[in-house]
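File shown: my_file07.pdb. Contents: PDB, C-alpha atoms and all ligand atoms.
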ATOM      1  CA  MET A  17      45.872 -79.313  31.849  1.00  0.00           C
ATOM      2  CA  PRO A  18      42.101 -79.249  31.348  1.00  0.00           C
ATOM      3  CA  LEU A  19      39.735 -77.490  33.723  1.00  0.00           C
ATOM      4  CA  TYR A  20      37.228 -79.730  35.493  1.00  0.00           C
ATOM      5  CA  GLU A  21      34.280 -78.975  37.711  1.00  0.00           C
ATOM      6  CA  TYR A  22      33.688 -80.608  41.079  1.00  0.00           C
ATOM      7  CA  TYR A  23      30.708 -80.583  43.369  1.00  0.00           C
ATOM      8  CA  CYS A  24      30.998 -80.535  47.138  1.00  0.00           C
ATOM      9  CA  GLY A  25      27.899 -81.997  48.800  1.00  0.00           C
ATOM     10  CA  SER A  26      28.562 -80.549  52.247  1.00  0.00           C
ATOM     11  CA  CYS A  27      29.023 -76.989  50.934  1.00  0.00           C
ATOM     12  CA  ASP A  28      26.568 -77.487  48.086  1.00  0.00           C
ATOM     13  CA  GLY A  29      29.124 -75.673  45.975  1.00  0.00           C
ATOM     14  CA  VAL A  30      30.823 -76.126  42.635  1.00  0.00           C
ATOM     15  CA  PHE A  31      34.454 -75.338  42.046  1.00  0.00           C
ATOM     16  CA  GLU A  32      36.805 -75.641  39.108  1.00  0.00           C
ATOM     17  CA  GLN A  33      40.138 -77.359  39.195  1.00  0.00           C
ATOM     18  CA  LEU A  34      42.945 -77.810  36.692  1.00  0.00           C
ATOM     19  CA  ARG A  35      43.900 -81.482  36.648  1.00  0.00           C
ATOM     20  CA  SER A  36      45.443 -84.013  34.400  1.00  0.00           C
ATOM     21  CA  ILE A  37      43.028 -86.162  32.429  1.00  0.00           C
ATOM     22  CA  ARG A  38      44.212 -89.241  34.311  1.00  0.00           C
ATOM     23  CA  GLU A  39      43.411 -87.723  37.726  1.00  0.00           C
ATOM     24  CA  SER A  40      40.279 -85.918  36.680  1.00  0.00           C
ATOM     25  CA  ASP A  41      37.810 -88.657  37.680  1.00  0.00           C
ATOM     26  CA  GLU A  42      39.172 -88.936  41.211  1.00  0.00           C
ATOM     27  CA  PRO A  43      37.547 -86.785  43.900  1.00  0.00           C
ATOM     28  CA  TYR A  44      39.257 -83.535  44.740  1.00  0.00           C
ATOM     29  CA  PRO A  45      39.355 -81.807  48.157  1.00  0.00           C
ATOM     30  CA  CYS A  46      36.885 -78.919  48.369  1.00  0.00           C
ATOM     31  CA  PRO A  47      38.634 -75.547  48.772  1.00  0.00           C
ATOM     32  CA  GLU A  48      36.064 -74.555  51.434  1.00  0.00           C
ATOM     33  CA  CYS A  49      35.780 -77.572  53.702  1.00  0.00           C
ATOM     34  CA  ASN A  50      38.524 -79.836  52.408  1.00  0.00           C
ATOM     35  CA  ARG A  51      36.085 -82.719  52.027  1.00  0.00           C
ATOM     36  CA  GLU A  52      36.294 -84.778  48.909  1.00  0.00           C
ATOM     37  CA  ALA A  53      34.236 -83.481  46.061  1.00  0.00           C
ATOM     38  CA  GLY A  54      33.252 -85.538  43.044  1.00  0.00           C
ATOM     39  CA  ARG A  55      33.679 -84.451  39.507  1.00  0.00           C
ATOM     40  CA  ILE A  56      30.585 -83.298  37.659  1.00  0.00           C
ATOM     41  CA  MET A  57      29.803 -82.829  34.000  1.00  0.00           C
ATOM     42  CA  PRO A  58      29.511 -79.097  33.344  1.00  0.00           C
ATOM     43  CA  THR A  59      26.759 -79.671  30.789  1.00  0.00           C
ATOM     44  CA  SER A  60      24.671 -81.618  33.290  1.00  0.00           C
ATOM     45  CA  PHE A  61      24.960 -78.818  35.796  1.00  0.00           C
ATOM     46  CA  ASN A  62      24.673 -75.648  33.761  1.00  0.00           C
ATOM     47  CA  ALA A  63      23.334 -75.777  30.239  1.00  0.00           C
ATOM     48  CA  PHE A  64      24.047 -72.114  29.742  1.00  0.00           C
ATOM     49  CA  THR A  65      26.459 -69.479  30.874  1.00  0.00           C
ATOM     50  CA  MET A  66      26.221 -65.778  30.176  1.00  0.00           C
ATOM     51  CA  ARG A  67      28.627 -63.642  28.226  1.00  0.00           C
ATOM     52  CA  ASP A  68      28.106 -60.087  27.012  1.00  0.00           C
ATOM     53  CA  GLY A  69      24.631 -60.386  28.489  1.00  0.00           C
ATOM     54  CA  TYR A  70      23.704 -63.269  26.166  1.00  0.00           C
ATOM     55  CA  PRO A  71      23.321 -66.917  27.066  1.00  0.00           C
ATOM     56  CA  ARG A  72      25.966 -69.250  25.729  1.00  0.00           C
ATOM     57  CA  ARG A  73      25.902 -72.999  25.891  1.00  0.00           C
ATOM     58  CA  ILE A  74      28.654 -74.902  27.674  1.00  0.00           C
ATOM     59  CA  PRO A  75      31.075 -75.891  26.263  1.00  0.00           C
ATOM     60  CA  ASP A  76      31.452 -72.378  24.913  1.00  0.00           C
ATOM     61  CA  ARG A  77      32.029 -72.548  21.184  1.00  0.00           C
ATOM     62  CA  GLY A  78      32.009 -68.777  20.789  1.00  0.00           C
ATOM     63  CA  THR A  79      28.418 -68.834  19.636  1.00  0.00           C
ATOM     64  CA  TYR A  80      25.309 -67.200  21.025  1.00  0.00           C
ATOM     65  CA  TRP A  81      21.840 -68.558  21.502  1.00  0.00           C
ATOM     66  CA  HIS A  82      18.675 -66.903  20.407  1.00  0.00           C
ATOM     67  CA  LEU A  83      15.329 -68.533  21.189  1.00  0.00           C
ATOM     68  CA  GLY A  84      16.980 -71.959  21.254  1.00  0.00           C
ATOM     69  CA  LYS A  85      18.854 -71.487  17.988  1.00  0.00           C
ATOM     70  CA  GLU A  86      22.608 -71.186  17.674  1.00  0.00           C
ATOM     71  CA  VAL A  87      23.807 -67.913  16.162  1.00  0.00           C
ATOM     72  CA  LYS A  88      27.241 -66.489  15.528  1.00  0.00           C
ATOM     73  CA  ARG A  89      26.802 -63.042  17.056  1.00  0.00           C
ATOM     74  CA  PRO A  90      24.600 -61.120  19.454  1.00  0.00           C
ATOM     75  CA  ILE A  91      21.845 -58.949  18.059  1.00  0.00           C
ATOM     76  CA  ASN A  92      23.657 -55.821  16.937  1.00  0.00           C
ATOM     77  CA  VAL A  93      22.193 -55.075  13.518  1.00  0.00           C
ATOM     78  CA  ALA A  94      18.718 -54.078  12.504  1.00  0.00           C
ATOM     79  CA  ALA A  95      16.158 -56.862  12.456  1.00  0.00           C
ATOM     80  CA  PRO A  96      12.453 -56.889  13.237  1.00  0.00           C
ATOM     81  CA  ALA A  97      11.562 -57.117  16.927  1.00  0.00           C
ATOM     82  CA  GLY A  98      12.124 -60.602  18.310  1.00  0.00           C
ATOM     83  CA  GLN A  99      14.115 -61.666  15.237  1.00  0.00           C
ATOM     84  CA  HIS A 100      17.815 -62.399  15.169  1.00  0.00           C
ATOM     85  CA  PRO A 101      19.708 -61.030  12.119  1.00  0.00           C
ATOM     86  CA  ASP A 102      21.408 -64.410  11.581  1.00  0.00           C
ATOM     87  CA  LEU A 103      18.076 -66.194  11.414  1.00  0.00           C
ATOM     88  CA  TYR A 104      15.987 -63.481   9.829  1.00  0.00           C
ATOM     89  CA  LYS A 105      15.908 -63.554   6.044  1.00  0.00           C
ATOM     90  CA  PRO A 106      14.108 -60.492   4.781  1.00  0.00           C
ATOM     91  CA  GLU A 107      11.648 -61.316   2.027  1.00  0.00           C
ATOM     92  CA  PRO A 108      13.039 -60.205  -1.322  1.00  0.00           C
ATOM     93  CA  THR A 109      11.259 -57.268  -2.863  1.00  0.00           C
ATOM     94  CA  PRO A 110       9.182 -58.764  -5.660  1.00  0.00           C
ATOM     95  CA  MET A 111      10.041 -57.619  -9.169  1.00  0.00           C
ATOM     96  CA  PRO A 112       7.255 -55.515 -10.633  1.00  0.00           C
ATOM     97  CA  SER A 113       5.271 -57.342 -13.294  1.00  0.00           C
ATOM     98  CA  LYS A 114       5.587 -56.347 -16.944  1.00  0.00           C
ATOM     99  CA  GLY A 115       2.320 -54.420 -16.722  1.00  0.00           C
ATOM    100  CA  ASP A 116       3.450 -52.643 -13.570  1.00  0.00           C
ATOM    101  CA  GLN A 117       6.750 -51.801 -15.252  1.00  0.00           C
ATOM    102  CA  ASN A 118       4.882 -50.268 -18.187  1.00  0.00           C
ATOM    103  CA  ASP A 119       2.635 -48.333 -15.807  1.00  0.00           C
ATOM    104  CA  MET A 120       5.711 -47.074 -13.968  1.00  0.00           C
ATOM    105  CA  ALA A 121       7.373 -46.073 -17.256  1.00  0.00           C
ATOM    106  CA  ASP A 122       4.193 -44.250 -18.313  1.00  0.00           C
ATOM    107  CA  ALA A 123       3.998 -42.495 -14.964  1.00  0.00           C
ATOM    108  CA  MET A 124       7.627 -41.442 -15.248  1.00  0.00           C
ATOM    109  CA  ARG A 125       7.104 -40.229 -18.814  1.00  0.00           C
ATOM    110  CA  GLN A 126       4.013 -38.254 -17.796  1.00  0.00           C
ATOM    111  CA  ASP A 127       5.843 -36.883 -14.806  1.00  0.00           C
ATOM    112  CA  GLY A 128       8.730 -35.898 -17.065  1.00  0.00           C
ATOM    113  CA  LEU A 129       6.354 -34.176 -19.497  1.00  0.00           C
ATOM    114  CA  ARG A 130       4.619 -32.392 -16.623  1.00  0.00           C
ATOM    115  CA  GLN A 131       7.969 -31.198 -15.296  1.00  0.00           C
ATOM    116  CA  TYR A 132       9.057 -30.163 -18.803  1.00  0.00           C
ATOM    117  CA  HIS A 133       5.881 -28.121 -19.336  1.00  0.00           C
ATOM    118  CA  ALA A 134       6.099 -26.627 -15.840  1.00  0.00           C
ATOM    119  CA  ALA A 135       9.698 -25.581 -16.523  1.00  0.00           C
ATOM    120  CA  ARG A 136       8.736 -24.094 -19.872  1.00  0.00           C
ATOM    121  CA  GLU A 137       5.792 -22.246 -18.286  1.00  0.00           C
ATOM    122  CA  LYS A 138       8.073 -20.881 -15.582  1.00  0.00           C
ATOM    123  CA  ALA A 139      10.656 -19.767 -18.134  1.00  0.00           C
ATOM    124  CA  ALA A 140       7.925 -18.097 -20.198  1.00  0.00           C
ATOM    125  CA  SER A 141       6.558 -16.255 -17.190  1.00  0.00           C
ATOM    126  CA  ILE A 142      10.047 -15.050 -16.252  1.00  0.00           C
ATOM    127  CA  GLU A 143      10.532 -13.917 -19.820  1.00  0.00           C
ATOM    128  CA  ARG A 144       7.244 -11.982 -19.675  1.00  0.00           C
ATOM    129  CA  LYS A 145       8.273 -10.362 -16.385  1.00  0.00           C
ATOM    130  CA  VAL A 146      11.650  -9.409 -17.802  1.00  0.00           C
ATOM    131  CA  LYS A 147      10.023  -7.947 -20.897  1.00  0.00           C
ATOM    132  CA  LYS A 148       7.557  -6.009 -18.734  1.00  0.00           C
ATOM    133  CA  THR A 149      10.350  -4.682 -16.534  1.00  0.00           C
ATOM    134  CA  VAL A 150      12.476  -3.774 -19.513  1.00  0.00           C
ATOM    135  CA  ALA A 151       9.492  -2.043 -21.129  1.00  0.00           C
ATOM    136  CA  LYS A 152       8.785  -0.096 -17.919  1.00  0.00           C
ATOM    137  CA  SER A 153      12.400   0.934 -17.465  1.00  0.00           C
ATOM    138  CA  THR A 154      12.831   1.954 -21.085  1.00  0.00           C
ATOM    139  CA  LYS A 155       9.733   4.157 -20.746  1.00  0.00           C
ATOM    140  CA  LYS A 156      11.323   5.888 -17.749  1.00  0.00           C
ATOM    141  CA  ILE A 157      14.488   6.701 -19.597  1.00  0.00           C
ATOM    142  CA  PRO A 158      14.054  10.119 -21.041  1.00  0.00           C
ATOM    143  CA  LYS A 159      14.899  10.313 -24.655  1.00  0.00           C
TER     144      LYS A 159
HETATM  145 ZN    ZN B 201      33.014 -78.236  50.653  1.00  0.00          ZN
END
Is it possible to express this structure as structure tokens?
Ligand SMILES: [Zn+2]
Amino acid sequence: MPLYEYYCGSCDGVFEQLRSIRESDEPYPCPECNREAGRIMPTSFNAFTMRDGYPRRIPDRGTYWHLGKEVKRPINVAAPAGQHPDLYKPEPTPMPSKGDQNDMADAMRQDGLRQYHAAREKAASIERKVKKTVAKSTKKIPK
């Protein structure tokens, strides 16, 4: 049996009642004062209900509402402030132009060369140190 909502004018209260479709339009006795209460349309009474702290429109279709737009989930993933992840489409990162790509390749090549020379310089300096140390130690060894 479907659930219907009724409004009691004397209590100014709304209550829900399971009734058959055939009976649903007839007034139902209020659980508080037993006076007859007329059926109301839930949507005309409450446009929204709350679930999980987020407004949901009645009838509840399992969706959420964000700034008047229907979304499938509450905000739970990263999105800019005030944006809902379902509605927010991040702008695609533009592809670098051909010239930019060449500049980047040059920069990487230069960087690679710089690193290569730095590594060679370091190796050479270590070699010099080793040679110096070896020379010193060989001097110390009495013949
Ligand atoms: Zn009542």
Taking all atoms listed in the file and a cut-off of 12 Å, can you tell me which residues surround ligand ZN 201 (chain B), written as a short mmCIF file (atom, residue, chain, number, x, y, z; two decimals) with C-alpha atoms, in the coordinates of the input?
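result_37.cif, written as the output of this step:
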data_model
loop_
_atom_site.label_atom_id
_atom_site.label_comp_id
_atom_site.auth_asym_id
_atom_site.auth_seq_id
_atom_site.Cartn_x
_atom_site.Cartn_y
_atom_site.Cartn_z
CA TYR A 22 33.69 -80.61 41.08
CA TYR A 23 30.71 -80.58 43.37
CA CYS A 24 31.00 -80.54 47.14
CA GLY A 25 27.90 -82.00 48.80
CA SER A 26 28.56 -80.55 52.25
CA CYS A 27 29.02 -76.99 50.93
CA ASP A 28 26.57 -77.49 48.09
CA GLY A 29 29.12 -75.67 45.98
CA VAL A 30 30.82 -76.13 42.64
CA PHE A 31 34.45 -75.34 42.05
CA PRO A 43 37.55 -86.78 43.90
CA TYR A 44 39.26 -83.54 44.74
CA PRO A 45 39.35 -81.81 48.16
CA CYS A 46 36.88 -78.92 48.37
CA PRO A 47 38.63 -75.55 48.77
CA GLU A 48 36.06 -74.56 51.43
CA CYS A 49 35.78 -77.57 53.70
CA ASN A 50 38.52 -79.84 52.41
CA ARG A 51 36.08 -82.72 52.03
CA GLU A 52 36.29 -84.78 48.91
CA ALA A 53 34.24 -83.48 46.06
CA GLY A 54 33.25 -85.54 43.04
#
To one decimal place, how far is CA of Ala151 in chain A from CA of His133 in chain A in Å?
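For CA of Ala151 in chain A relative to CA of His133 in chain A, the distance reads 26.4 Å.
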Quick one: distance from CA of Gln131 in chain A to CA of Met111 in chain A in Å, one decimal?
27.2 Å
Any idea what the distance is between CA of Ala135 in chain A and CA of Val150 in chain A?
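Interatomic distance here is 22.2 Å.
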Axis-aligned box over every listed atom of range 138-148 of chain A, padded by 4 Å per side: centre and edges in Å to one decimal, as AutoDock Vina command-line options?
--center_x 9.1 --center_y -13.4 --center_z -18.2 --size_x 13.1 --size_y 22.9 --size_z 13.3
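Candidate residues A:Ala140, A:Lys88, A:Ile56, A:Ser153 were compared for distance to Glu21 in chain A, and the nearest is A:Ile56, using all atoms listed in the file.
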Residues matched by the PyMOL selection byres (((chain A and resi 38-41) around 8) and not hetatm) as number ranges by chain:
A: 20, 35-37, 42-43, 54-55
Could you rebuild range 24-60 of chain A with N, CA and C atoms and give it back as a PDB file, keeping the file's coordinate frame?
ATOM      1  N   CYS A  24      30.863 -80.163  45.733  1.00  0.00           N
ATOM      2  CA  CYS A  24      30.998 -80.535  47.138  1.00  0.00           C
ATOM      3  C   CYS A  24      29.613 -80.605  47.766  1.00  0.00           C
ATOM      4  N   GLY A  25      29.229 -81.802  48.229  1.00  0.00           N
ATOM      5  CA  GLY A  25      27.899 -81.997  48.800  1.00  0.00           C
ATOM      6  C   GLY A  25      27.699 -81.280  50.113  1.00  0.00           C
ATOM      7  N   SER A  26      28.737 -81.179  50.928  1.00  0.00           N
ATOM      8  CA  SER A  26      28.562 -80.549  52.247  1.00  0.00           C
ATOM      9  C   SER A  26      28.458 -79.029  52.139  1.00  0.00           C
ATOM     10  N   CYS A  27      29.137 -78.437  51.134  1.00  0.00           N
ATOM     11  CA  CYS A  27      29.023 -76.989  50.934  1.00  0.00           C
ATOM     12  C   CYS A  27      27.932 -76.649  49.923  1.00  0.00           C
ATOM     13  N   ASP A  28      27.481 -77.682  49.203  1.00  0.00           N
ATOM     14  CA  ASP A  28      26.568 -77.487  48.086  1.00  0.00           C
ATOM     15  C   ASP A  28      27.162 -76.470  47.106  1.00  0.00           C
ATOM     16  N   GLY A  29      28.446 -76.626  46.854  1.00  0.00           N
ATOM     17  CA  GLY A  29      29.124 -75.673  45.975  1.00  0.00           C
ATOM     18  C   GLY A  29      29.879 -76.369  44.861  1.00  0.00           C
ATOM     19  N   VAL A  30      30.079 -75.627  43.796  1.00  0.00           N
ATOM     20  CA  VAL A  30      30.823 -76.126  42.635  1.00  0.00           C
ATOM     21  C   VAL A  30      32.124 -75.351  42.535  1.00  0.00           C
ATOM     22  N   PHE A  31      33.192 -76.036  42.282  1.00  0.00           N
ATOM     23  CA  PHE A  31      34.454 -75.338  42.046  1.00  0.00           C
ATOM     24  C   PHE A  31      35.162 -75.962  40.851  1.00  0.00           C
ATOM     25  N   GLU A  32      36.053 -75.184  40.268  1.00  0.00           N
ATOM     26  CA  GLU A  32      36.805 -75.641  39.108  1.00  0.00           C
ATOM     27  C   GLU A  32      38.226 -75.976  39.525  1.00  0.00           C
ATOM     28  N   GLN A  33      38.781 -76.951  38.868  1.00  0.00           N
ATOM     29  CA  GLN A  33      40.138 -77.359  39.195  1.00  0.00           C
ATOM     30  C   GLN A  33      40.864 -77.824  37.942  1.00  0.00           C
ATOM     31  N   LEU A  34      42.098 -77.327  37.782  1.00  0.00           N
ATOM     32  CA  LEU A  34      42.945 -77.810  36.692  1.00  0.00           C
ATOM     33  C   LEU A  34      43.561 -79.137  37.120  1.00  0.00           C
ATOM     34  N   ARG A  35      43.329 -80.170  36.316  1.00  0.00           N
ATOM     35  CA  ARG A  35      43.900 -81.482  36.648  1.00  0.00           C
ATOM     36  C   ARG A  35      44.267 -82.216  35.383  1.00  0.00           C
ATOM     37  N   SER A  36      45.100 -83.188  35.551  1.00  0.00           N
ATOM     38  CA  SER A  36      45.443 -84.013  34.400  1.00  0.00           C
ATOM     39  C   SER A  36      44.244 -84.897  34.076  1.00  0.00           C
ATOM     40  N   ILE A  37      44.154 -85.328  32.848  1.00  0.00           N
ATOM     41  CA  ILE A  37      43.028 -86.162  32.429  1.00  0.00           C
ATOM     42  C   ILE A  37      42.979 -87.437  33.268  1.00  0.00           C
ATOM     43  N   ARG A  38      44.130 -87.981  33.560  1.00  0.00           N
ATOM     44  CA  ARG A  38      44.212 -89.241  34.311  1.00  0.00           C
ATOM     45  C   ARG A  38      43.639 -89.092  35.718  1.00  0.00           C
ATOM     46  N   GLU A  39      43.880 -87.945  36.350  1.00  0.00           N
ATOM     47  CA  GLU A  39      43.411 -87.723  37.726  1.00  0.00           C
ATOM     48  C   GLU A  39      41.986 -87.196  37.791  1.00  0.00           C
ATOM     49  N   SER A  40      41.496 -86.726  36.661  1.00  0.00           N
ATOM     50  CA  SER A  40      40.279 -85.918  36.680  1.00  0.00           C
ATOM     51  C   SER A  40      39.063 -86.615  37.292  1.00  0.00           C
ATOM     52  N   ASP A  41      38.984 -87.944  37.166  1.00  0.00           N
ATOM     53  CA  ASP A  41      37.810 -88.657  37.680  1.00  0.00           C
ATOM     54  C   ASP A  41      37.869 -88.889  39.191  1.00  0.00           C
ATOM     55  N   GLU A  42      39.057 -88.736  39.769  1.00  0.00           N
ATOM     56  CA  GLU A  42      39.172 -88.936  41.211  1.00  0.00           C
ATOM     57  C   GLU A  42      38.650 -87.720  41.954  1.00  0.00           C
ATOM     58  N   PRO A  43      38.054 -87.929  43.132  1.00  0.00           N
ATOM     59  CA  PRO A  43      37.547 -86.785  43.900  1.00  0.00           C
ATOM     60  C   PRO A  43      38.664 -85.814  44.263  1.00  0.00           C
ATOM     61  N   TYR A  44      38.269 -84.569  44.428  1.00  0.00           N
ATOM     62  CA  TYR A  44      39.257 -83.535  44.740  1.00  0.00           C
ATOM     63  C   TYR A  44      38.824 -82.808  46.016  1.00  0.00           C
ATOM     64  N   PRO A  45      39.755 -82.477  46.904  1.00  0.00           N
ATOM     65  CA  PRO A  45      39.355 -81.807  48.157  1.00  0.00           C
ATOM     66  C   PRO A  45      38.749 -80.433  47.897  1.00  0.00           C
ATOM     67  N   CYS A  46      37.592 -80.195  48.521  1.00  0.00           N
ATOM     68  CA  CYS A  46      36.885 -78.919  48.369  1.00  0.00           C
ATOM     69  C   CYS A  46      37.726 -77.789  48.956  1.00  0.00           C
ATOM     70  N   PRO A  47      37.833 -76.662  48.251  1.00  0.00           N
ATOM     71  CA  PRO A  47      38.634 -75.547  48.772  1.00  0.00           C
ATOM     72  C   PRO A  47      38.028 -74.897  50.020  1.00  0.00           C
ATOM     73  N   GLU A  48      36.726 -75.162  50.270  1.00  0.00           N
ATOM     74  CA  GLU A  48      36.064 -74.555  51.434  1.00  0.00           C
ATOM     75  C   GLU A  48      36.201 -75.426  52.680  1.00  0.00           C
ATOM     76  N   CYS A  49      35.842 -76.703  52.521  1.00  0.00           N
ATOM     77  CA  CYS A  49      35.780 -77.572  53.702  1.00  0.00           C
ATOM     78  C   CYS A  49      36.788 -78.719  53.650  1.00  0.00           C
ATOM     79  N   ASN A  50      37.503 -78.812  52.572  1.00  0.00           N
ATOM     80  CA  ASN A  50      38.524 -79.836  52.408  1.00  0.00           C
ATOM     81  C   ASN A  50      37.966 -81.256  52.326  1.00  0.00           C
ATOM     82  N   ARG A  51      36.660 -81.380  52.221  1.00  0.00           N
ATOM     83  CA  ARG A  51      36.085 -82.719  52.027  1.00  0.00           C
ATOM     84  C   ARG A  51      36.198 -83.081  50.551  1.00  0.00           C
ATOM     85  N   GLU A  52      36.128 -84.350  50.284  1.00  0.00           N
ATOM     86  CA  GLU A  52      36.294 -84.778  48.909  1.00  0.00           C
ATOM     87  C   GLU A  52      35.066 -84.462  48.077  1.00  0.00           C
ATOM     88  N   ALA A  53      35.327 -83.844  46.962  1.00  0.00           N
ATOM     89  CA  ALA A  53      34.236 -83.481  46.061  1.00  0.00           C
ATOM     90  C   ALA A  53      34.367 -84.262  44.770  1.00  0.00           C
ATOM     91  N   GLY A  54      33.245 -84.744  44.277  1.00  0.00           N
ATOM     92  CA  GLY A  54      33.252 -85.538  43.044  1.00  0.00           C
ATOM     93  C   GLY A  54      33.162 -84.666  41.800  1.00  0.00           C
ATOM     94  N   ARG A  55      33.697 -85.199  40.757  1.00  0.00           N
ATOM     95  CA  ARG A  55      33.679 -84.451  39.507  1.00  0.00           C
ATOM     96  C   ARG A  55      32.270 -84.465  38.916  1.00  0.00           C
ATOM     97  N   ILE A  56      31.893 -83.371  38.327  1.00  0.00           N
ATOM     98  CA  ILE A  56      30.585 -83.298  37.659  1.00  0.00           C
ATOM     99  C   ILE A  56      30.792 -82.913  36.206  1.00  0.00           C
ATOM    100  N   MET A  57      29.788 -83.244  35.402  1.00  0.00           N
ATOM    101  CA  MET A  57      29.803 -82.829  34.000  1.00  0.00           C
ATOM    102  C   MET A  57      29.233 -81.418  33.920  1.00  0.00           C
ATOM    103  N   PRO A  58      30.008 -80.480  33.411  1.00  0.00           N
ATOM    104  CA  PRO A  58      29.511 -79.097  33.344  1.00  0.00           C
ATOM    105  C   PRO A  58      28.171 -78.990  32.629  1.00  0.00           C
ATOM    106  N   THR A  59      28.002 -79.774  31.562  1.00  0.00           N
ATOM    107  CA  THR A  59      26.759 -79.671  30.789  1.00  0.00           C
ATOM    108  C   THR A  59      25.565 -80.162  31.592  1.00  0.00           C
ATOM    109  N   SER A  60      25.786 -81.113  32.503  1.00  0.00           N
ATOM    110  CA  SER A  60      24.671 -81.618  33.290  1.00  0.00           C
ATOM    111  C   SER A  60      24.297 -80.640  34.386  1.00  0.00           C
TER     112      SER A  60
END
